[in-house]
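Asks: Can you keep this structure in mind? I'll have questions shortly.
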Amino acid sequence: MRLEVNGKELNAPNNCTVADLLVRLERDTHWIAVAVDRTVIPREKYSSLVLREGQLVEILIPMQGG
Amino acid sequence: MMRIGSDSFKSRLLLGSALYPSPKIMRESIEASETEIVTVALRRAANTPDCSNSFFEILRQSGVRLLPNTANCLSAEQAILTARMARSIFQTDWIKLEVIADTDALNPDPFELVSAAKTLIAEGFEVFPYTTDDLAVAMRLVDAGCKIVMPWAAPIGSGQGPNNLRALEMMRNKLPDTMLIVDAGLGKPSHAAQVMELGFDGVLLNSAVALADDPKGMAQAFKLAVEAGRLGYISGFMHQRNFGAPSTPTVGTPFWHQEDALV
């Protein structure tokens with residue numbers, strides 16, 4: 001299925017969870033935040049939330065700021 | 001001591017983490033400033049494996065309290081989602097709420113700001129709203145439940161110093177029970193001292209330190225200026241006079257001074 005991850009199209013297997021996606025992106029789950037279709041996903045739901053075709057996924061990390 | 005919620009802070013200087021020549025200089029500047037609160041932002045992660053995030057490791061190790069911001073948000077909706085994601089990452093209810101109206105001027109959008117503040121306060125956030133020096137907007141933010149208001153001194157990153165001291169002074173006088181922190185536009189330590197002398201509770205700055213020739217030295221200079229301004233304010237200033245008044249006693253003035261006076 002196709003997802004839009006941080007503004008870019010990305011192919012992922014069906015029944016891919018948020019946790020699966022993070023593994024696929026080789027991204028540590030510490031110090032990140034994930035939103036799916038503009039809803040923030042609590043860390044404890046990463047393994048259970050199954051993503052669906054066409055969903056918008058935002059993955060944010062810390063950055064320098066004023 | 002500066003109290004925010006249930007926490008107390010010795011330093012009244014809040015520092016940004018951006019624009020330093022290197023993470024090492026950022027760390028040295030934070031240490032020299034003796035700040036206890038540092039602002040951070042969020043960005044999209046690249047769709048590639050983790051790369052080192054040395055600036056953030058340094059911040060974590062420094063033990064400072066992190067104040068995430070909603071920089072670059074152009075609507076209440078964007079700012080609210082960013083704040084929720086910041087809470088998810090940093091495990092803090094603190095949010096420096098920025099909603100800008102224009103990407104060049106970076107001036108706050110007061111309408112969207114107040115709207116976002118209402119929503120976030122209802123969700124339990126401690127909102128630090130970045131606003132202009134307009135008293136009406138500050139009052140609406142307080143009405144919305146903000147315990148802290150952060151008026152600008154001048155546009156972000158301009159280094160102009162306070163453009164309207166009268167407006168800041170009026171805000172201080174009209175909102176005596178609100179924590180007021182001047183955020184943005186300061187360029188020199190004397191600017192920080194000026195607003196602290198008005199009774200502001202603190203200052204937040206970034207560019208003035210990070211873009212100095214010697215950020216570490218400038219961080220220390222701002223620390224001293226904030227302390228000097230605060231101590232001056234709480235010590236009570238003398239009343240201004242329209243004319244000169246001798247500080248040296250005139251009792252026992254030698255006779256030749258009296259002769260001069262008769263000429």
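Labels for the structure tokens follow display order: chains A, B, ..., residues from 1 in each chain, ligands from 1.
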Please report, as a tab-separated table, each residue of chain B lying at most 8 Å from chain A, together with the nearest pair of atoms and the separation in Å rounded to one decimal; use only C-alpha atoms, and order rows by chain and ascending residue number.

Replies:
```
residue	atom	partner	partner_atom	distance
B:Leu15	CA	A:Gly66	CA	7.3
B:Gly16	CA	A:Gly66	CA	4.0
B:Ser17	CA	A:Gln64	CA	5.1
B:Ala18	CA	A:Gln64	CA	4.6
B:Leu19	CA	A:Gln64	CA	7.8
B:Thr39	CA	A:Gly66	CA	5.6
B:Val40	CA	A:Gly65	CA	4.3
B:Ala41	CA	A:Gly65	CA	4.6
B:Leu42	CA	A:Pro62	CA	4.7
B:Arg43	CA	A:Leu60	CA	5.3
B:Arg44	CA	A:Leu60	CA	4.5
B:Ala45	CA	A:Leu60	CA	5.3
B:Ala46	CA	A:Asn6	CA	7.8
B:Asn47	CA	A:Leu25	CA	6.2
B:Thr48	CA	A:Leu25	CA	5.9
B:Pro49	CA	A:Glu26	CA	4.8
B:Asp50	CA	A:Arg27	CA	5.5
B:Phe55	CA	A:Gln64	CA	7.4
B:Phe56	CA	A:Pro62	CA	6.9
B:Pro68	CA	A:Gly65	CA	7.9
B:Asn69	CA	A:Gly65	CA	7.2
B:Ala71	CA	A:Gly65	CA	7.7
B:Leu81	CA	A:Arg38	CA	7.0
B:Arg84	CA	A:Val40	CA	6.8
B:Met85	CA	A:Ala33	CA	5.5
B:Ala86	CA	A:Ala33	CA	7.3
B:Ser88	CA	A:Ala33	CA	5.7
B:Ile89	CA	A:Trp31	CA	5.1
B:Phe90	CA	A:Trp31	CA	7.0
B:Leu205	CA	A:Gly66	CA	7.2
B:Asn206	CA	A:Gly66	CA	5.6
B:Ser207	CA	A:Gly66	CA	8.0
```

Asks: Let me make sure I understand: among B:Gly217, B:Pro129, B:Gly236, B:Pro155, which one has the smallest atom-to-atom distance to Leu180 of chain B if we use only C-alpha atoms?

Replies: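 The closest residue to Leu180 of chain B is B:Pro129.
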
Asks: I need the residues in chain A that are strand (DSSP E) according to DSSP; give them as number ranges by chain.

Replies: A: 2-5, 8-11, 33-36, 39-40, 56-64

Asks: Run DSSP on the backbone and grab whatever in segment 88-173 of chain B lands in alpha helix (DSSP H); send it over as number ranges by chain.

Replies: B: 88-90, 110-122, 135-143, 165-173
